[in-house]
file protein.cif (mmCIF, C-alpha atoms and all ligand atoms)
data_entry
loop_
_atom_site.label_atom_id
_atom_site.label_comp_id
_atom_site.auth_asym_id
_atom_site.auth_seq_id
_atom_site.Cartn_x
_atom_site.Cartn_y
_atom_site.Cartn_z
CA MET A 1 -143.70 11.17 -222.58
CA SER A 2 -144.90 12.75 -219.36
CA THR A 3 -146.02 16.38 -219.22
CA THR A 4 -145.33 16.50 -215.47
CA SER A 5 -142.28 18.75 -215.08
CA GLN A 6 -139.23 16.73 -214.06
CA THR A 7 -137.67 19.63 -212.16
CA SER A 8 -138.85 22.38 -209.86
CA ARG A 9 -137.51 25.21 -207.71
CA LEU A 10 -136.29 24.82 -204.16
CA GLY A 11 -135.63 28.41 -203.15
CA ASP A 12 -133.16 29.68 -205.75
CA LYS A 13 -132.08 26.16 -206.74
CA THR A 14 -133.48 23.82 -209.40
CA VAL A 15 -133.81 20.16 -208.43
CA HIS A 16 -135.42 17.02 -209.81
CA ARG A 17 -138.93 16.50 -208.47
CA ILE A 18 -138.11 13.17 -206.78
CA GLY A 19 -135.33 13.39 -204.23
CA PHE A 20 -134.02 10.93 -201.67
CA GLY A 21 -134.67 10.77 -197.92
CA ALA A 22 -131.66 9.38 -196.05
CA MET A 23 -133.45 8.32 -192.85
CA GLN A 24 -133.75 4.65 -193.91
CA LEU A 25 -129.95 4.43 -194.28
CA ALA A 26 -129.48 4.19 -190.50
CA GLY A 27 -130.15 1.05 -188.48
CA PRO A 28 -133.52 -0.20 -187.18
CA GLY A 29 -135.45 2.58 -185.45
CA VAL A 30 -133.17 5.11 -187.22
CA PHE A 31 -130.60 4.23 -184.54
CA GLY A 32 -127.08 2.91 -185.04
CA PRO A 33 -125.42 1.61 -188.21
CA PRO A 34 -127.36 0.05 -191.09
CA LYS A 35 -127.91 -3.71 -191.05
CA ASP A 36 -126.13 -3.87 -194.41
CA PRO A 37 -123.68 -0.94 -194.81
CA ASP A 38 -122.70 -1.97 -198.36
CA ALA A 39 -126.35 -1.95 -199.43
CA ALA A 40 -126.75 1.54 -197.94
CA ARG A 41 -123.68 2.72 -199.88
CA ALA A 42 -125.06 1.17 -203.07
CA VAL A 43 -128.38 3.03 -202.66
CA LEU A 44 -126.61 6.38 -202.33
CA ARG A 45 -124.32 5.71 -205.29
CA ARG A 46 -127.23 4.60 -207.50
CA ALA A 47 -129.37 7.58 -206.45
CA VAL A 48 -126.82 10.08 -207.73
CA GLU A 49 -126.14 7.97 -210.85
CA LEU A 50 -129.86 8.18 -211.65
CA GLY A 51 -129.88 11.97 -211.30
CA VAL A 52 -130.98 12.55 -207.70
CA ASP A 53 -129.84 16.07 -206.83
CA HIS A 54 -131.82 16.60 -203.62
CA ILE A 55 -130.94 14.53 -200.54
CA ASP A 56 -132.66 15.06 -197.21
CA THR A 57 -130.70 14.11 -194.09
CA ALA A 58 -130.23 15.04 -190.44
CA GLN A 59 -127.69 14.57 -187.65
CA PRO A 60 -130.15 12.50 -185.54
CA TYR A 61 -130.39 9.81 -188.28
CA GLY A 62 -128.17 7.28 -186.54
CA PRO A 63 -127.17 9.74 -184.95
CA ASP A 64 -124.48 10.78 -187.45
CA VAL A 65 -124.84 7.57 -189.49
CA ALA A 66 -126.68 8.97 -192.53
CA ASN A 67 -124.46 12.07 -192.74
CA ALA A 68 -121.28 9.97 -192.47
CA LEU A 69 -122.43 7.58 -195.22
CA ILE A 70 -123.39 10.46 -197.51
CA ALA A 71 -119.97 12.06 -197.09
CA GLU A 72 -118.10 8.76 -197.43
CA VAL A 73 -119.88 7.74 -200.64
CA LEU A 74 -120.57 11.03 -202.38
CA HIS A 75 -117.87 13.53 -201.33
CA PRO A 76 -116.55 15.40 -203.32
CA TYR A 77 -120.15 16.14 -204.21
CA PRO A 78 -121.34 16.49 -207.80
CA GLU A 79 -122.13 20.05 -208.81
CA GLY A 80 -125.74 20.97 -208.16
CA LEU A 81 -126.36 18.36 -205.45
CA VAL A 82 -128.59 19.96 -202.81
CA ILE A 83 -128.15 18.41 -199.38
CA ALA A 84 -130.82 19.57 -196.95
CA THR A 85 -130.53 18.99 -193.21
CA LYS A 86 -132.71 19.75 -190.21
CA VAL A 87 -132.04 21.05 -186.72
CA GLY A 88 -134.17 21.20 -183.61
CA GLY A 89 -133.68 17.73 -182.18
CA THR A 90 -131.12 15.09 -181.38
CA ARG A 91 -130.99 11.58 -179.84
CA ASP A 92 -130.32 10.36 -176.33
CA GLU A 93 -128.25 7.29 -175.53
CA GLN A 94 -131.25 4.97 -175.77
CA GLY A 95 -132.26 6.37 -179.16
CA GLY A 96 -135.01 8.64 -177.81
CA TRP A 97 -135.68 11.84 -179.79
CA VAL A 98 -134.99 14.92 -177.69
CA ARG A 99 -135.56 18.58 -178.35
CA ALA A 100 -132.48 20.71 -179.05
CA SER A 101 -133.92 24.15 -179.79
CA ARG A 102 -131.82 26.44 -177.62
CA PRO A 103 -129.72 28.86 -179.71
CA GLU A 104 -126.41 27.22 -178.79
CA GLN A 105 -127.85 23.78 -179.63
CA LEU A 106 -129.14 24.92 -183.02
CA ARG A 107 -125.78 26.45 -183.84
CA ALA A 108 -123.92 23.32 -182.69
CA LEU A 109 -126.18 21.10 -184.84
CA VAL A 110 -125.46 23.18 -187.95
CA GLU A 111 -121.72 23.03 -187.16
CA ASP A 112 -122.02 19.22 -186.71
CA ASP A 113 -123.73 18.91 -190.11
CA LEU A 114 -121.02 21.02 -191.75
CA GLY A 115 -118.32 18.79 -190.25
CA SER A 116 -119.91 15.38 -190.84
CA LEU A 117 -121.05 16.23 -194.37
CA ARG A 118 -117.68 17.89 -195.15
CA LEU A 119 -119.37 21.05 -196.38
CA ASP A 120 -118.38 24.73 -196.09
CA ARG A 121 -121.99 25.73 -196.52
CA ILE A 122 -125.27 23.78 -196.28
CA ALA A 123 -127.71 24.35 -199.14
CA LEU A 124 -130.79 24.26 -196.92
CA VAL A 125 -131.42 23.85 -193.19
CA ASN A 126 -134.91 23.10 -191.92
CA LEU A 127 -135.95 24.24 -188.47
CA ARG A 128 -137.73 21.11 -187.19
CA LEU A 129 -140.22 22.03 -184.48
CA GLY A 130 -141.88 19.77 -181.94
CA VAL A 131 -139.14 17.16 -181.45
CA GLY A 132 -139.58 15.12 -178.27
CA GLY A 133 -143.29 15.68 -177.64
CA ASP A 134 -146.07 18.21 -177.46
CA GLU A 135 -144.72 20.31 -174.57
CA PRO A 136 -144.60 23.98 -175.60
CA ASP A 137 -141.15 24.99 -176.80
CA PRO A 138 -139.67 27.50 -174.32
CA VAL A 139 -137.57 29.10 -177.08
CA PRO A 140 -139.63 31.52 -179.21
CA LEU A 141 -139.81 30.90 -182.98
CA ALA A 142 -138.18 34.29 -183.69
CA GLU A 143 -135.17 33.40 -181.56
CA GLN A 144 -134.74 30.01 -183.25
CA LEU A 145 -135.05 31.49 -186.73
CA GLY A 146 -132.70 34.28 -185.63
CA VAL A 147 -129.94 31.69 -185.13
CA LEU A 148 -130.48 30.38 -188.67
CA THR A 149 -130.56 33.87 -190.22
CA ASP A 150 -127.29 34.67 -188.36
CA LEU A 151 -125.72 31.47 -189.73
CA ARG A 152 -126.95 32.42 -193.21
CA ASP A 153 -125.33 35.86 -192.82
CA GLU A 154 -122.12 34.10 -191.78
CA GLY A 155 -122.21 32.06 -195.03
CA LYS A 156 -122.79 28.71 -193.31
CA LEU A 157 -126.12 28.00 -194.99
CA ASP A 158 -128.05 29.22 -198.04
CA LEU A 159 -131.73 28.56 -197.47
CA ILE A 160 -134.03 28.17 -194.47
CA GLY A 161 -136.97 25.76 -194.30
CA LEU A 162 -139.49 24.69 -191.69
CA SER A 163 -140.54 21.19 -190.68
CA THR A 164 -143.56 19.83 -188.83
CA VAL A 165 -145.29 23.17 -188.64
CA SER A 166 -148.84 24.50 -188.80
CA ALA A 167 -150.02 27.12 -191.30
CA ASP A 168 -149.93 29.74 -188.51
CA VAL A 169 -146.26 29.01 -187.81
CA VAL A 170 -145.46 29.33 -191.53
CA ARG A 171 -147.23 32.71 -191.60
CA ASP A 172 -145.33 33.88 -188.50
CA ALA A 173 -142.02 32.70 -189.96
CA LEU A 174 -142.64 34.53 -193.25
CA GLU A 175 -142.77 37.77 -191.25
CA ILE A 176 -139.19 37.03 -190.12
CA THR A 177 -137.38 35.56 -193.14
CA PRO A 178 -138.00 33.96 -196.57
CA ILE A 179 -138.87 30.26 -196.26
CA ALA A 180 -137.64 27.98 -199.07
CA GLU A 181 -139.45 24.79 -198.10
CA VAL A 182 -141.99 23.37 -195.73
CA GLN A 183 -141.36 19.73 -194.86
CA ASN A 184 -144.42 18.12 -193.26
CA ALA A 185 -146.01 14.66 -193.33
CA PHE A 186 -148.33 14.33 -196.35
CA SER A 187 -149.30 11.58 -198.76
CA ILE A 188 -152.17 10.12 -200.73
CA VAL A 189 -153.20 8.26 -197.54
CA ASN A 190 -152.58 11.18 -195.14
CA ARG A 191 -153.97 14.43 -196.55
CA GLY A 192 -154.50 16.28 -193.27
CA ASP A 193 -151.84 18.84 -194.14
CA GLN A 194 -153.70 20.16 -197.20
CA PRO A 195 -154.11 23.68 -195.64
CA VAL A 196 -150.31 23.99 -195.40
CA VAL A 197 -149.91 22.75 -199.00
CA ASP A 198 -152.40 25.47 -200.04
CA LEU A 199 -150.45 28.11 -198.13
CA CYS A 200 -147.22 27.00 -199.82
CA ARG A 201 -148.90 27.26 -203.20
CA GLU A 202 -150.10 30.78 -202.35
CA HIS A 203 -146.52 31.84 -201.49
CA GLY A 204 -144.67 29.74 -204.09
CA ILE A 205 -142.89 27.75 -201.38
CA ALA A 206 -141.62 24.23 -202.16
CA TYR A 207 -143.49 21.56 -200.19
CA VAL A 208 -141.39 18.51 -199.27
CA PRO A 209 -143.71 15.77 -198.02
CA TYR A 210 -142.15 13.39 -195.54
CA PHE A 211 -143.68 9.93 -195.20
CA PRO A 212 -144.65 10.22 -198.93
CA LEU A 213 -145.46 6.49 -198.98
CA GLY A 214 -147.42 6.74 -195.74
CA SER A 215 -144.37 5.62 -193.69
CA ALA A 216 -143.43 2.06 -192.79
CA TYR A 217 -144.15 2.94 -189.14
CA MET A 218 -147.81 3.44 -190.00
CA GLY A 219 -148.06 0.54 -192.43
CA GLY A 220 -147.95 2.96 -195.37
CA PRO A 221 -146.52 0.78 -198.17
CA ALA A 222 -148.84 -2.12 -197.20
CA ALA A 223 -151.86 0.22 -197.06
CA LEU A 224 -151.04 1.53 -200.54
CA ALA A 225 -150.94 -2.01 -201.94
CA ALA A 226 -154.23 -2.96 -200.23
CA ASP A 227 -156.18 0.09 -201.37
CA PRO A 228 -158.62 -0.71 -204.21
CA ALA A 229 -158.53 2.81 -205.70
CA ILE A 230 -154.72 2.92 -205.77
CA ALA A 231 -154.51 -0.69 -207.01
CA SER A 232 -156.89 0.00 -209.90
CA VAL A 233 -154.92 3.05 -211.10
CA ALA A 234 -151.66 1.10 -210.67
CA ALA A 235 -153.06 -1.75 -212.81
CA ARG A 236 -154.27 0.68 -215.48
CA HIS A 237 -150.78 2.17 -215.85
CA GLY A 238 -148.88 -1.09 -215.28
CA VAL A 239 -147.00 0.41 -212.32
CA SER A 240 -146.80 -0.31 -208.58
CA PRO A 241 -148.99 1.24 -205.83
CA PRO A 242 -146.03 3.18 -204.34
CA GLN A 243 -145.38 4.62 -207.79
CA VAL A 244 -149.01 5.78 -208.01
CA ALA A 245 -148.67 7.39 -204.56
CA LEU A 246 -145.61 9.35 -205.71
CA ALA A 247 -147.17 10.29 -209.09
CA TRP A 248 -150.22 11.60 -207.19
CA LEU A 249 -147.94 13.86 -205.11
CA LEU A 250 -146.22 15.18 -208.26
CA ALA A 251 -149.60 15.94 -209.84
CA HIS A 252 -150.88 17.62 -206.67
CA TYR A 253 -148.64 20.73 -206.67
CA ASP A 254 -145.91 21.69 -209.14
CA ARG A 255 -143.49 22.54 -206.32
CA MET A 256 -144.10 19.27 -204.44
CA LEU A 257 -140.70 17.56 -203.97
CA PRO A 258 -141.12 14.07 -202.46
CA ILE A 259 -138.12 12.48 -200.70
CA PRO A 260 -139.08 8.77 -200.52
CA GLY A 261 -136.77 6.84 -198.24
CA THR A 262 -135.49 3.38 -199.04
CA SER A 263 -132.69 1.01 -198.17
CA SER A 264 -133.19 -0.92 -201.42
CA VAL A 265 -131.76 -0.18 -204.88
CA ALA A 266 -134.80 -1.85 -206.52
CA HIS A 267 -137.23 0.41 -204.62
CA LEU A 268 -135.05 3.44 -205.36
CA GLU A 269 -135.16 2.70 -209.10
CA GLU A 270 -138.92 2.24 -208.94
CA ASN A 271 -139.39 5.52 -207.07
CA LEU A 272 -137.23 7.47 -209.52
CA ALA A 273 -139.19 6.18 -212.52
CA VAL A 274 -142.46 7.90 -211.58
CA GLY A 275 -141.83 11.07 -213.58
CA ALA A 276 -142.97 9.12 -216.64
CA ILE A 277 -146.42 8.35 -215.17
CA GLU A 278 -149.13 10.71 -216.37
CA LEU A 279 -152.27 10.60 -214.23
CA ASP A 280 -155.37 11.91 -216.01
CA GLY A 281 -158.57 13.39 -214.58
CA ASP A 282 -160.22 9.95 -214.27
CA ASP A 283 -157.23 8.61 -212.35
CA LEU A 284 -157.23 11.59 -209.99
CA ALA A 285 -160.99 11.25 -209.40
CA THR A 286 -160.50 7.54 -208.58
CA LEU A 287 -157.62 8.38 -206.25
CA ASP A 288 -159.80 10.84 -204.33
CA ASN A 289 -161.41 7.71 -202.88
CA ALA A 290 -158.15 6.27 -201.48
CA ASN A 291 -158.57 5.31 -197.84
CA GLN A 292 -156.92 7.60 -195.31
CA ILE A 293 -154.68 5.98 -192.71
CA GLY A 294 -153.83 9.40 -191.33
CA GLY A 295 -150.58 10.06 -189.50
CA PRO A 296 -148.80 13.07 -188.10
CA GLY A 297 -149.61 16.44 -189.57
CA PHE A 298 -151.64 19.57 -189.07
N1 LIG B 301 -138.91 16.29 -191.04
C1 LIG B 301 -139.16 15.20 -190.36
O1 LIG B 301 -139.48 15.24 -189.17
C2 LIG B 301 -139.08 13.87 -191.03
C3 LIG B 301 -139.70 12.76 -190.44
C4 LIG B 301 -139.63 11.54 -191.09
C5 LIG B 301 -138.96 11.44 -192.30
N2 LIG B 301 -138.35 12.54 -192.84
C6 LIG B 301 -137.65 12.46 -194.15
O2 LIG B 301 -138.58 11.96 -195.08
C7 LIG B 301 -138.01 10.84 -195.78
C8 LIG B 301 -139.13 9.90 -196.19
O3 LIG B 301 -139.78 9.34 -195.07
P1 LIG B 301 -139.71 7.79 -194.75
O4 LIG B 301 -138.51 7.23 -195.40
O5 LIG B 301 -139.86 7.57 -193.30
O6 LIG B 301 -141.10 7.29 -195.28
P2 LIG B 301 -141.69 6.80 -196.65
O7 LIG B 301 -140.83 7.27 -197.77
O8 LIG B 301 -143.14 7.13 -196.64
O9 LIG B 301 -141.61 5.23 -196.51
C9 LIG B 301 -140.41 4.57 -196.41
C10 LIG B 301 -140.75 3.09 -196.36
O10 LIG B 301 -141.27 2.68 -197.61
C11 LIG B 301 -140.52 1.59 -198.13
N3 LIG B 301 -140.41 1.84 -199.58
C12 LIG B 301 -139.72 2.82 -200.21
N4 LIG B 301 -139.89 2.72 -201.54
C13 LIG B 301 -140.69 1.65 -201.75
C14 LIG B 301 -141.22 1.05 -202.89
N5 LIG B 301 -140.96 1.51 -204.12
N6 LIG B 301 -142.02 -0.06 -202.74
C15 LIG B 301 -142.30 -0.54 -201.51
N7 LIG B 301 -141.83 -0.01 -200.38
C16 LIG B 301 -141.04 1.09 -200.49
C17 LIG B 301 -139.19 1.62 -197.41
O11 LIG B 301 -138.73 0.29 -197.21
P3 LIG B 301 -137.42 -0.25 -197.99
O12 LIG B 301 -136.24 0.28 -197.26
O13 LIG B 301 -137.59 -1.72 -197.89
O14 LIG B 301 -137.53 0.24 -199.40
C18 LIG B 301 -139.55 2.24 -196.06
O15 LIG B 301 -139.93 1.25 -195.16
C19 LIG B 301 -137.02 10.26 -194.74
O16 LIG B 301 -136.07 9.41 -195.35
C20 LIG B 301 -136.46 11.51 -194.14
O17 LIG B 301 -135.41 12.03 -194.97
C21 LIG B 301 -138.43 13.75 -192.23
#
call {"tool": "encode", "arguments": {"input": "protein.cif", "output": "structure tokens"}}
result
Amino acid sequence: MSTTSQTSRLGDKTVHRIGFGAMQLAGPGVFGPPKDPDAARAVLRRAVELGVDHIDTAQPYGPDVANALIAEVLHPYPEGLVIATKVGGTRDEQGGWVRASRPEQLRALVEDDLGSLRLDRIALVNLRLGVGGDEPDPVPLAEQLGVLTDLRDEGKLDLIGLSTVSADVVRDALEITPIAEVQNAFSIVNRGDQPVVDLCREHGIAYVPYFPLGSAYMGGPAALAADPAIASVAARHGVSPPQVALAWLLAHYDRMLPIPGTSSVAHLEENLAVGAIELDGDDLATLDNANQIGGPGF
């Protein structure tokens, strides 16, 4: 029996440590409908059957594809299901990611999420910074967060998070409003965001790592399988390299809430079984030698 806690806090809510990221439910390039819509529906159904109570989604996934599938398959939602969305970007007609950070755009994106997810109130909305490139955002952080705090006051959302942010931005945001989660890229093969993880620990903020398997775009799952340190720990426990990568995240911080994305029921089941894996000090020392493929992050 594992001693790793199976649940943790996300703001004032309690959720299972492993959640589900809905980005892989859309079509190739996160654009358009899934190649196999019935398979996407089966993944969502199985996730909730297996106890997933934290789903991460966003209007740009498709756009509107992931949200529509979630509502179609899971509404009316089981009690306690936390659906987290993100605002700050959208898609153009070719599938390009474009910034949408002006106050009226942020408000419209939250309203879109409420409509497509058939919710009266969203459990958590992340402010996703930096969509569409490195150009400085003309809208100040305080103004963007001000829209979300207004929407919270209006009862349209419960909790506010931040995504793709540096430690300095987290500090600035904390001067404005409580922050329930930081969602940045982080994994056993991309540890560049450790300073933000440390800051979250200091403030008791949940850390939701995206690309927890290193991301298919960066060859993450293949790199996990090819890594001798990860492979040796996987062999020792009789589990797969992606399972070791997720178990490492769980062991790294007790408020780490990975949201691995998958379009496959078999991978979903594998990912949700990692709570039973107990990594010891020798395993963690071995895993310190895992090769870094890097990726986005601060
Ligand atoms: N805030 C942001 O800007 C941001 C950015 C990116 C992602 N996200 C969120 O983070 C979530 C996770 O990111 P992600 O889905 O891109 O990356 P990821 O979880 O690191 O990797 C997903 C890839 O791993 C494969 N995979 C999943 N489980 C596997 C397993 N057990 N064995 C082998 N391969 C496996 C998937 O392929 P299969 O479909 O074949 O399983 C998919 O190609 C997203 O779904 C999204 O909700 C947020």
call {"tool": "atom_distance", "arguments": {"input": "protein.cif", "atom1": "atom CA of A:Asp172", "atom2": "atom CA of A:Leu129"}}
result
13.5 Å
call {"tool": "residues_around", "arguments": {"input": "protein.cif", "residues": "stretch 254-256 of chain A", "least_positions_apart": "4", "cutoff": "9 Å", "atoms": "all atoms listed in the file", "output": "ChimeraX atom specification"}}
result
/A:4-5,7-10,17-18,197,200-201,204-209,249-250
call {"tool": "write_last_selection", "arguments": {"input": "protein.cif", "atoms": "C-alpha atoms", "output": "short mmCIF file (atom, residue, chain, number, x, y, z; two decimals), in the frame of the given file"}}
result
data_model
loop_
_atom_site.label_atom_id
_atom_site.label_comp_id
_atom_site.auth_asym_id
_atom_site.auth_seq_id
_atom_site.Cartn_x
_atom_site.Cartn_y
_atom_site.Cartn_z
CA THR A 4 -145.33 16.50 -215.47
CA SER A 5 -142.28 18.75 -215.08
CA THR A 7 -137.67 19.63 -212.16
CA SER A 8 -138.85 22.38 -209.86
CA ARG A 9 -137.51 25.21 -207.71
CA LEU A 10 -136.29 24.82 -204.16
CA ARG A 17 -138.93 16.50 -208.47
CA ILE A 18 -138.11 13.17 -206.78
CA VAL A 197 -149.91 22.75 -199.00
CA CYS A 200 -147.22 27.00 -199.82
CA ARG A 201 -148.90 27.26 -203.20
CA GLY A 204 -144.67 29.74 -204.09
CA ILE A 205 -142.89 27.75 -201.38
CA ALA A 206 -141.62 24.23 -202.16
CA TYR A 207 -143.49 21.56 -200.19
CA VAL A 208 -141.39 18.51 -199.27
CA PRO A 209 -143.71 15.77 -198.02
CA LEU A 249 -147.94 13.86 -205.11
CA LEU A 250 -146.22 15.18 -208.26
#
call {"tool": "residues_near_ligand", "arguments": {"input": "protein.cif", "ligand": "ligand LIG 301 (chain B)", "cutoff": "7 Å", "atoms": "all atoms listed in the file", "output": "ChimeraX atom specification"}}
result
/A:20-24,56-57,128,163-164,183-184,210-216,220-221,242-243,259-264,267-268,270-271
call {"tool": "atom_distance", "arguments": {"input": "protein.cif", "atom1": "atom CA of A:Ile55", "atom2": "atom CA of A:Glu104"}}
result
25.6 Å
call {"tool": "atom_distance", "arguments": {"input": "protein.cif", "atom1": "atom CA of A:Asp112", "atom2": "atom CA of A:Val98"}}
result
16.4 Å
call {"tool": "residues_around", "arguments": {"input": "protein.cif", "residues": "A:Val73", "least_positions_apart": "3", "cutoff": "12 Å", "atoms": "all atoms listed in the file", "output": "PyMOL selection string"}}
result
chain A and resi 37-49+66-70+76-78+117-118
